[in-house]
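Dumped target-v1.txt below, it's compact mmCIF, C-alpha atoms:
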```txt
# COMPACT_ATOMS: atom_id res chain seq x y z
CA MET A 287 38.96 113.92 64.72
CA THR A 288 41.90 111.85 63.75
CA VAL A 289 41.70 110.24 60.39
CA HIS A 290 41.60 106.71 61.80
CA ARG A 291 38.32 107.27 63.67
CA ARG A 292 35.85 107.90 60.88
CA GLN A 293 34.41 105.91 58.02
CA ALA A 294 32.15 108.02 55.77
CA THR A 295 29.04 106.25 54.52
CA ARG A 296 27.81 106.25 50.96
CA MET A 297 24.75 108.25 51.98
CA GLY A 298 26.82 111.15 53.30
CA ILE A 299 29.16 111.17 50.32
CA GLY A 300 26.16 110.96 47.99
CA LEU A 301 24.46 113.97 49.55
CA LEU A 302 27.58 116.04 49.22
CA ALA A 303 28.27 114.75 45.71
CA ALA A 304 24.83 115.97 44.67
CA CYS A 305 25.67 119.38 46.02
CA LEU A 306 28.98 119.37 44.17
CA THR A 307 27.49 118.20 40.89
CA LEU A 308 24.30 120.21 40.80
CA ASN A 309 25.43 123.20 42.88
CA ALA A 310 22.15 122.71 44.70
CA CYS A 311 23.34 124.15 47.99
CA GLY A 312 22.61 127.76 47.15
CA ARG A 313 26.28 128.73 47.21
CA SER A 314 29.00 129.27 44.67
CA GLU A 315 31.44 126.38 44.40
CA GLY A 316 34.55 126.87 46.52
CA GLY A 317 37.75 127.63 44.66
CA ALA A 318 39.85 130.41 43.23
CA ALA A 319 36.91 132.84 43.18
CA ASP A 320 36.54 132.77 46.98
CA THR A 321 37.93 135.90 48.58
CA PRO A 322 38.19 136.07 52.38
CA LYS A 323 36.05 138.84 53.86
CA ALA A 324 37.07 141.08 56.72
CA VAL A 325 35.72 140.58 60.22
CA LYS A 326 34.31 143.56 62.13
CA SER A 327 36.29 144.65 65.18
CA GLY A 328 34.96 144.59 68.72
CA ALA A 329 33.73 141.97 71.13
CA ALA A 330 31.78 138.96 69.94
CA LYS A 331 28.02 139.19 70.35
CA GLY A 332 24.93 137.06 69.88
CA THR A 333 24.47 133.30 69.86
CA LEU A 334 27.04 131.02 68.26
CA THR A 335 26.02 127.55 67.13
CA VAL A 336 28.84 125.00 67.15
CA TRP A 337 28.88 121.33 66.21
CA ALA A 338 31.62 119.21 67.78
CA MET A 339 32.19 115.49 68.04
CA GLY A 340 33.12 112.94 70.66
CA GLY A 341 34.99 114.17 73.72
CA GLU A 342 35.55 117.50 72.01
CA GLY A 343 31.82 118.10 71.89
CA ASP A 344 31.40 117.04 75.51
CA ASN A 345 34.21 119.24 76.83
CA LEU A 346 34.12 122.33 74.61
CA PRO A 347 31.40 124.02 76.72
CA LYS A 348 33.86 124.05 79.66
CA LEU A 349 36.37 126.00 77.60
CA ALA A 350 33.76 128.20 75.92
CA LYS A 351 32.81 129.69 79.31
CA ASP A 352 36.09 131.64 79.26
CA PHE A 353 35.24 133.08 75.85
CA GLU A 354 31.79 134.07 77.06
CA ALA A 355 33.33 135.73 80.12
CA ALA A 356 35.63 137.78 77.87
CA ASN A 357 32.71 138.62 75.56
CA PRO A 358 29.68 139.16 77.84
CA GLY A 359 27.35 139.65 74.89
CA VAL A 360 27.93 136.21 73.35
CA ARG A 361 26.55 132.75 74.07
CA VAL A 362 28.21 129.64 72.67
CA LYS A 363 25.76 126.81 72.05
CA VAL A 364 27.57 123.50 71.45
CA THR A 365 25.85 120.48 69.92
CA SER A 366 27.76 117.26 70.58
CA MET A 367 27.49 114.23 68.32
CA PRO A 368 29.38 110.98 67.76
CA TRP A 369 32.12 110.98 65.14
CA ASN A 370 30.57 108.10 63.22
CA ALA A 371 27.40 110.11 62.56
CA ALA A 372 28.96 113.53 62.00
CA HIS A 373 29.94 113.29 58.33
CA ASP A 374 26.42 112.39 57.21
CA LYS A 375 24.84 115.02 59.43
CA LEU A 376 27.14 117.71 58.06
CA ALA A 377 26.63 116.56 54.47
CA GLY A 378 22.88 116.67 54.95
CA ALA A 379 23.07 120.13 56.51
CA VAL A 380 25.16 121.39 53.59
CA ALA A 381 22.66 120.01 51.09
CA ALA A 382 19.72 121.52 52.99
CA GLY A 383 21.40 124.83 53.82
CA THR A 384 20.96 124.27 57.56
CA THR A 385 24.57 124.31 58.73
CA PRO A 386 25.66 125.73 62.11
CA ASP A 387 27.95 128.75 62.41
CA ILE A 388 31.01 126.59 63.20
CA SER A 389 31.77 122.91 63.02
CA LEU A 390 34.61 120.60 63.87
CA VAL A 391 35.62 118.72 60.70
CA GLY A 392 37.92 115.74 60.25
CA THR A 393 41.02 116.54 58.21
CA THR A 394 40.10 114.05 55.49
CA TRP A 395 36.69 115.68 55.05
CA MET A 396 38.07 119.10 54.20
CA PRO A 397 38.31 118.71 50.39
CA GLU A 398 34.72 117.50 50.15
CA PHE A 399 33.24 120.37 52.12
CA ALA A 400 35.55 123.03 50.68
CA ARG A 401 34.60 122.07 47.13
CA SER A 402 30.90 122.07 48.03
CA GLY A 403 31.12 125.85 48.27
CA ALA A 404 29.74 125.73 51.82
CA LEU A 405 32.83 126.96 53.68
CA ASP A 406 33.83 130.55 54.39
CA PRO A 407 37.50 131.18 53.47
CA VAL A 408 39.68 131.95 56.48
CA PRO A 409 39.99 135.73 56.96
CA SER A 410 43.18 137.60 57.86
CA LEU A 411 41.90 137.78 61.46
CA VAL A 412 43.44 134.31 61.91
CA ASP A 413 47.23 134.13 61.56
CA THR A 414 47.70 130.85 59.71
CA SER A 415 51.50 131.07 59.88
CA LYS A 416 51.51 129.98 63.52
CA PHE A 417 50.28 126.45 62.83
CA PHE A 418 52.36 123.39 61.98
CA PRO A 419 52.83 123.33 58.19
CA ALA A 420 51.55 119.73 58.05
CA ALA A 421 48.35 120.83 59.78
CA MET A 422 47.76 123.45 57.10
CA GLU A 423 47.91 120.96 54.25
CA PRO A 424 44.39 119.48 54.64
CA VAL A 425 42.68 122.88 55.06
CA THR A 426 44.27 124.32 51.93
CA VAL A 427 42.16 123.35 48.93
CA GLY A 428 42.68 124.80 45.48
CA GLY A 429 45.17 127.28 46.89
CA LYS A 430 42.65 128.73 49.36
CA VAL A 431 42.48 128.15 53.12
CA TYR A 432 39.04 126.97 54.27
CA GLY A 433 39.64 125.83 57.83
CA VAL A 434 41.76 126.32 60.92
CA PRO A 435 43.64 123.40 62.52
CA TRP A 436 42.33 122.99 66.07
CA TYR A 437 44.30 120.00 67.28
CA VAL A 438 46.80 117.71 65.61
CA ASP A 439 47.64 114.06 65.64
CA THR A 440 50.65 112.10 64.42
CA ARG A 441 52.21 108.66 64.75
CA PRO A 442 55.65 108.52 66.40
CA LEU A 443 57.32 105.31 67.59
CA PHE A 444 56.44 103.85 71.00
CA TYR A 445 59.03 101.39 72.28
CA ARG A 446 59.72 99.38 75.42
CA SER A 447 62.80 101.23 76.66
CA ASP A 448 63.34 98.82 79.56
CA LEU A 449 63.43 95.79 77.27
CA ALA A 450 65.61 97.69 74.81
CA GLN A 451 68.18 98.29 77.52
CA GLN A 452 67.97 94.66 78.55
CA ALA A 453 68.61 93.61 74.94
CA GLY A 454 71.53 96.00 74.45
CA ILE A 455 69.66 98.58 72.35
CA THR A 456 71.18 101.89 73.45
CA LYS A 457 68.95 104.35 71.56
CA ALA A 458 65.72 104.56 69.61
CA PRO A 459 66.14 103.42 65.98
CA GLU A 460 66.60 106.28 63.50
CA THR A 461 66.81 104.48 60.14
CA TRP A 462 64.99 101.66 58.37
CA ASP A 463 67.93 99.34 58.95
CA GLU A 464 68.03 100.22 62.63
CA LEU A 465 64.28 99.65 62.98
CA LYS A 466 64.54 96.18 61.45
CA ALA A 467 67.56 95.38 63.64
CA ALA A 468 65.74 96.58 66.76
CA ALA A 469 62.69 94.45 65.96
CA ARG A 470 64.94 91.40 65.56
CA THR A 471 66.84 92.18 68.77
CA TYR A 472 63.62 92.49 70.80
CA VAL A 473 62.62 89.00 69.68
CA ASP A 474 66.03 87.38 69.98
CA LYS A 475 67.39 89.01 73.12
CA ALA A 476 64.41 90.42 75.03
CA ASN A 477 62.24 87.37 74.29
CA THR A 478 59.29 89.36 73.02
CA LYS A 479 56.69 87.56 70.94
CA TYR A 480 56.90 90.26 68.27
CA GLY A 481 59.45 92.97 67.60
CA ILE A 482 56.94 95.45 66.21
CA PHE A 483 53.26 95.80 65.46
CA LEU A 484 52.27 96.91 61.95
CA PRO A 485 48.66 96.67 60.77
CA PRO A 486 48.61 93.63 58.45
CA GLY A 487 46.02 95.30 56.25
CA LYS A 488 43.18 97.82 56.49
CA ALA A 489 42.53 99.30 59.95
CA GLY A 490 45.17 102.01 59.67
CA SER A 491 47.83 100.28 57.57
CA GLY A 492 47.89 103.22 55.16
CA GLN A 493 48.97 105.52 57.98
CA VAL A 494 52.10 103.40 58.44
CA LEU A 495 52.85 102.65 54.80
CA LEU A 496 52.51 106.18 53.41
CA PRO A 497 55.27 107.59 55.64
CA LEU A 498 57.57 104.90 54.19
CA LEU A 499 56.76 106.32 50.77
CA TRP A 500 57.26 109.93 51.84
CA GLN A 501 60.51 109.16 53.65
CA GLN A 502 62.11 108.26 50.31
CA GLY A 503 60.84 111.36 48.52
CA GLY A 504 57.86 109.60 46.96
CA ASP A 505 54.28 110.85 47.07
CA VAL A 506 50.70 109.89 46.32
CA ILE A 507 50.09 112.63 43.76
CA GLY A 508 52.62 114.42 41.59
CA THR A 509 52.89 118.13 40.81
CA ASP A 510 50.78 117.54 37.69
CA GLY A 511 47.87 116.40 39.85
CA LYS A 512 48.13 112.77 38.73
CA PHE A 513 48.59 109.76 41.00
CA THR A 514 52.15 108.51 41.46
CA LEU A 515 51.64 105.19 43.21
CA ASP A 516 53.35 102.92 40.65
CA THR A 517 56.86 104.04 41.51
CA PRO A 518 60.10 102.49 42.78
CA GLU A 519 59.51 104.29 46.09
CA MET A 520 56.12 102.61 46.59
CA VAL A 521 57.53 99.22 45.64
CA ALA A 522 60.38 99.71 48.13
CA ALA A 523 57.93 100.77 50.85
CA LEU A 524 55.77 97.69 50.27
CA LYS A 525 58.77 95.36 50.25
CA TYR A 526 60.09 96.81 53.50
CA TYR A 527 56.64 96.65 55.13
CA LYS A 528 56.14 93.04 53.99
CA SER A 529 59.57 91.96 55.26
CA PHE A 530 58.55 92.36 58.91
CA PHE A 531 55.79 89.80 58.45
CA ASP A 532 57.91 87.45 56.32
CA GLU A 533 60.56 87.44 59.05
CA LYS A 534 57.92 86.85 61.74
CA LEU A 535 58.76 90.11 63.49
CA ALA A 536 55.16 91.40 63.22
CA PRO A 537 51.87 89.50 63.68
CA LYS A 538 49.73 88.70 60.65
CA SER A 539 46.59 88.63 62.77
CA PHE A 540 45.37 90.29 65.93
CA GLN A 541 42.23 91.04 67.89
CA GLN A 542 41.05 94.17 69.63
CA GLY A 543 43.11 94.77 72.75
CA ASP A 544 46.02 92.58 71.66
CA VAL A 545 48.44 95.45 71.02
CA GLU A 546 47.82 96.95 74.47
CA ARG A 547 48.17 93.56 76.13
CA TRP A 548 51.29 92.55 74.20
CA PHE A 549 53.02 95.88 74.79
CA THR A 550 52.32 96.09 78.51
CA LYS A 551 53.14 92.40 79.14
CA GLY A 552 56.49 92.59 77.39
CA GLU A 553 55.41 90.56 74.36
CA LEU A 554 55.79 93.46 71.89
CA GLY A 555 58.75 95.78 71.47
CA MET A 556 57.50 98.64 69.30
CA VAL A 557 54.40 100.17 67.74
CA PHE A 558 53.52 103.31 65.78
CA THR A 559 50.49 104.89 67.42
CA GLY A 560 48.87 108.08 68.64
CA PRO A 561 48.89 110.29 71.75
CA TRP A 562 45.93 108.67 73.46
CA MET A 563 48.03 105.54 73.94
CA VAL A 564 50.40 107.28 76.36
CA GLY A 565 47.69 107.29 79.00
CA GLN A 566 46.21 103.98 77.94
CA PHE A 567 49.48 102.06 78.14
CA THR A 568 50.25 103.69 81.49
CA SER A 569 46.84 102.77 82.85
CA ILE A 570 46.91 99.18 81.62
CA GLY A 571 50.53 98.62 82.61
CA GLY A 572 49.94 99.77 86.18
CA ALA A 573 52.13 101.61 88.65
CA GLY A 574 55.57 102.40 87.29
CA PHE A 575 54.86 101.30 83.73
CA ASP A 576 55.30 104.86 82.47
CA ARG A 577 59.03 104.37 83.14
CA LYS A 578 59.17 101.25 80.98
CA PHE A 579 58.39 102.80 77.62
CA ALA A 580 59.38 105.85 75.62
CA VAL A 581 58.26 107.75 72.51
CA ALA A 582 60.53 108.87 69.68
CA LYS A 583 60.37 110.19 66.12
CA VAL A 584 59.83 107.53 63.50
CA PRO A 585 62.89 106.03 61.83
CA GLY A 586 63.29 106.90 58.17
CA GLU A 587 65.33 106.91 55.01
CA THR A 588 65.99 110.36 53.54
CA THR A 589 63.58 111.92 56.04
CA ARG A 590 61.81 110.80 59.23
CA THR A 591 58.36 111.82 58.08
CA SER A 592 55.26 110.50 59.85
CA PHE A 593 51.54 110.73 59.23
CA ALA A 594 49.71 113.92 60.26
CA GLY A 595 46.03 114.06 61.13
CA GLY A 596 43.79 115.89 63.56
CA ALA A 597 40.67 117.99 63.21
CA ASP A 598 39.84 121.44 61.91
CA LEU A 599 37.38 124.21 62.64
CA VAL A 600 35.33 125.66 59.80
CA VAL A 601 32.87 128.52 59.51
CA PHE A 602 30.06 128.16 57.02
CA LYS A 603 29.18 130.80 54.44
CA ASN A 604 25.59 130.91 55.63
CA ALA A 605 26.62 131.38 59.28
CA GLU A 606 24.10 133.60 61.05
CA ASN A 607 26.81 135.02 63.30
CA ARG A 608 29.89 134.96 61.05
CA ASP A 609 31.94 137.67 62.79
CA ALA A 610 31.53 136.12 66.24
CA ALA A 611 32.27 132.71 64.75
CA TRP A 612 35.66 133.77 63.42
CA LYS A 613 36.47 135.54 66.69
CA PHE A 614 35.77 132.31 68.55
CA VAL A 615 37.94 130.32 66.13
CA ARG A 616 40.77 132.82 66.55
CA TRP A 617 40.42 132.62 70.33
CA LEU A 618 40.58 128.81 70.22
CA SER A 619 43.83 129.21 68.27
CA GLU A 620 45.58 131.29 70.92
CA PRO A 621 48.57 129.42 72.45
CA ASP A 622 47.37 129.73 76.06
CA VAL A 623 43.87 128.55 75.11
CA GLN A 624 45.33 125.59 73.23
CA VAL A 625 47.37 124.64 76.30
CA LYS A 626 44.24 124.83 78.44
CA TRP A 627 42.38 122.67 75.93
CA TYR A 628 45.21 120.13 76.14
CA ALA A 629 44.71 120.02 79.92
CA ILE A 630 40.98 119.43 79.46
CA GLN A 631 40.82 117.09 76.46
CA LYS A 632 44.46 116.13 75.73
CA GLY A 633 44.06 117.47 72.21
CA LEU A 634 47.56 118.21 70.90
CA PRO A 635 48.03 121.92 70.04
CA SER A 636 48.12 122.85 66.37
CA VAL A 637 49.89 126.13 67.21
CA GLN A 638 53.63 125.55 67.33
CA SER A 639 54.38 128.07 70.11
CA ALA A 640 51.99 126.28 72.48
CA TRP A 641 54.50 123.43 72.67
CA LYS A 642 56.83 125.66 74.68
CA ASP A 643 54.52 125.27 77.67
CA PRO A 644 56.02 123.10 80.46
CA SER A 645 53.02 120.76 80.40
CA LEU A 646 54.14 119.64 76.95
CA LYS A 647 57.80 120.56 76.70
CA GLY A 648 58.51 119.10 80.12
CA ASP A 649 56.89 115.75 79.32
CA ALA A 650 59.35 113.73 77.22
CA LYS A 651 56.68 111.43 75.81
CA MET A 652 54.36 114.27 74.74
CA ALA A 653 57.25 116.45 73.54
CA ALA A 654 58.05 113.69 71.05
CA PHE A 655 54.73 114.35 69.35
CA GLY A 656 55.64 118.01 68.88
CA ASP A 657 59.01 116.97 67.47
CA GLN A 658 57.29 114.58 65.08
CA MET A 659 54.78 117.19 63.91
CA SER A 660 57.71 119.28 62.67
CA GLU A 661 58.42 116.41 60.28
CA ALA A 662 54.98 115.12 59.33
CA LYS A 663 52.78 115.09 56.27
CA ALA A 664 49.05 114.86 55.65
CA PRO A 665 47.43 112.78 52.91
CA PRO A 666 46.51 114.68 49.74
CA ALA A 667 43.63 117.13 49.97
CA ILE A 668 41.38 115.39 47.46
CA ALA A 669 37.66 114.70 47.80
CA THR A 670 38.11 110.99 47.05
CA TRP A 671 40.82 110.32 49.61
CA GLU A 672 38.73 107.95 51.72
CA GLN A 673 38.11 105.72 48.69
CA VAL A 674 41.74 105.87 47.59
CA ASN A 675 43.00 105.10 51.09
CA GLN A 676 40.66 102.13 51.47
CA MET A 677 41.93 100.79 48.16
CA ILE A 678 45.56 101.22 49.26
CA GLU A 679 44.87 99.37 52.51
CA ASP A 680 43.16 96.56 50.58
CA GLU A 681 46.32 96.15 48.51
CA ILE A 682 48.52 96.20 51.62
CA GLU A 683 46.49 93.29 52.98
CA LYS A 684 46.90 91.40 49.70
CA VAL A 685 50.66 91.86 49.91
CA VAL A 686 50.98 90.90 53.58
CA ILE A 687 48.36 88.15 53.81
CA GLY A 688 47.68 87.13 50.22
CA GLY A 689 51.23 87.04 48.90
CA GLU A 690 50.72 89.61 46.16
CA LYS A 691 53.98 90.95 44.76
CA PRO A 692 54.74 94.53 45.76
CA GLU A 693 55.32 95.45 42.11
CA ASP A 694 51.87 94.15 41.18
CA ALA A 695 50.27 95.90 44.14
CA ALA A 696 51.83 99.23 43.21
CA SER A 697 50.61 98.83 39.63
CA THR A 698 47.11 97.97 40.84
CA MET A 699 47.09 100.96 43.22
CA GLN A 700 47.95 103.27 40.34
CA GLU A 701 45.30 101.81 38.06
CA LYS A 702 42.53 101.87 40.66
CA ALA A 703 43.42 105.32 42.02
CA THR A 704 43.36 106.74 38.50
CA ALA A 705 39.93 105.19 37.95
CA ILE A 706 38.65 106.68 41.22
CA GLY A 707 40.07 110.11 40.38
CA THR A 708 40.57 113.09 42.66
CA GLY A 709 36.99 114.31 42.76
CA GLY A 710 37.47 117.57 40.95
```
Please, can you express the file's structure as structure tokens?
Amino acid sequence: MTVHRRQATRMGIGLLAACLTLNACGRSEGGAADTPKAVKSGAAKGTLTVWAMGGEGDNLPKLAKDFEAANPGVRVKVTSMPWNAAHDKLAGAVAAGTTPDISLVGTTWMPEFARSGALDPVPSLVDTSKFFPAAMEPVTVGGKVYGVPWYVDTRPLFYRSDLAQQAGITKAPETWDELKAAARTYVDKANTKYGIFLPPGKAGSGQVLLPLLWQQGGDVIGTDGKFTLDTPEMVAALKYYKSFFDEKLAPKSFQQGDVERWFTKGELGMVFTGPWMVGQFTSIGGAGFDRKFAVAKVPGETTRTSFAGGADLVVFKNAENRDAAWKFVRWLSEPDVQVKWYAIQKGLPSVQSAWKDPSLKGDAKMAAFGDQMSEAKAPPAIATWEQVNQMIEDEIEKVVIGGEKPEDAASTMQEKATAIGTGG
């Protein structure tokens, strides 16, 4: 699950909060005391219960057949559910002690479930050094690793390469100044309606703003564990973000489907978005449109950092078939299996060596995502991140639409984030 897909409800958070506060789940609270346990050698056996969401839940049984063939004594039973119901269902299962052996978990959920004490720490059976460092950030809570990155997601820059050439842009922008200049050139010389699309508030705006903060060396939380949102770097990020709207290079309003329509009709020059849009733009644009756009790393200041998301696999402490569960997770993390999963579901591999496969390395658009993941960062692994992120996006909207000063917005972010806290 990418972080943009899911909105946790108060009910789900409340169930898990009760578990955290009262330790009513029948488990010790996750943290420094958790010590990974060894996994017995040999083939996997017995029945494995797995919860997975969306297309992953629908397609995982196809992949699991190979694991069953290699381990004749095991049966993988996958329960599929929609992403928008999964958080509450998992939270309820944690509270009731009725969790499956394995579940797919959104990256932003990891701190909540890790601190509930419900997750089994990752054993040495799984080599965590093979994953993208950014993918390991969300699964590492309190210095312990509680999940395994299954697939990753990031936001590089999509741009109309044909219109760029027409307008005299010879390469993808690499700096903030070049990005602004490219947006202006698309409008002035390629006659696009907008140079770039940036969310004017909410609906993913945090995933575009935070990289602007990180690219200057700023961060959401400092080394002392306190929020660091009221900083010159945040003010600079907000000012730069706002400038695109002030200069009429980005739209202040849009409706569902507008970005796809604008981009494919030549009314939009650039957009930061995810891997699913490669196929979507190609499909909407029609025959030959795949040659009219390209994908590149995001422009930056000191760095070219983008937002990292994805989804992780966890094993629960009360798993009835723990050893087989970890063997399945390890198998899903093998490079060749990850490449096969990409062919089935288009989930981007979390294992770095999988990107050497021709299906990814040989595709310039998809290879750009691998390049970007080498310079990406996940939001902080705190239990309250969803609340903090919503607050940040509210302030972005006030700056872009309401005219709030970036300095005031940064101060408000700091005050409200501090009041929300980190959740433990």
If you count all atoms listed in the file, which residues fall within 12 Å of A:Phe483, apart from same-chain ones fewer than 6 positions away, as a PyMOL selection string?
-> chain A and resi 443-445+465-466+469+490-491+494+527+530-531+534-540+544-546+548-549+553-559
Could you jot down the atom CA of A:Ala371 to atom CA of A:Ala420 separation for me, Å, one decimal place?
->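 Computing it gives 26.4 Å between the two atoms.
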Which is closer to A:Ala458 than all the others in A:Gly565, A:Pro368, A:Pro485, A:Gly586, using all atoms listed in the file?
->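 Nearest to A:Ala458: A:Gly586.
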Counting all atoms listed in the file, write as an NGL selection string all protein and nucleic acid residues lying at most 9 Å from (50.0, 114.2, 49.0) in the file's frame.
-> :A and (423 or 500 or 505-508 or 663-668)
What are the closest atom pairs, with distances in Å to one decimal, for each residue of stretch 343-420 of chain A lying within 6 Å of stretch 602-612 of chain A, using all atoms listed in the file, rows by chain and rising residue number, as a tab-separated table?
```
residue	atom	partner	partner_atom	distance
A:Asp387	CA	A:Ala605	CA	4.3
A:Ala404	CA	A:Lys603	CA	5.7
A:Leu405	CA	A:Phe602	CA	4.5
A:Asp406	CA	A:Lys603	CA	4.7
```
Do you have the atom CA of A:Thr333-atom CA of A:Pro397 distance handy?
->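 These two atoms are separated by 28.0 Å.
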Counting all atoms listed in the file, what is within 7 Å of stretch 651-661 of chain A, bar same-chain residues fewer than 5 positions away, as an MDAnalysis selection string?
-> chainID A and resid 418 440 442 580:583 590:592 641 646
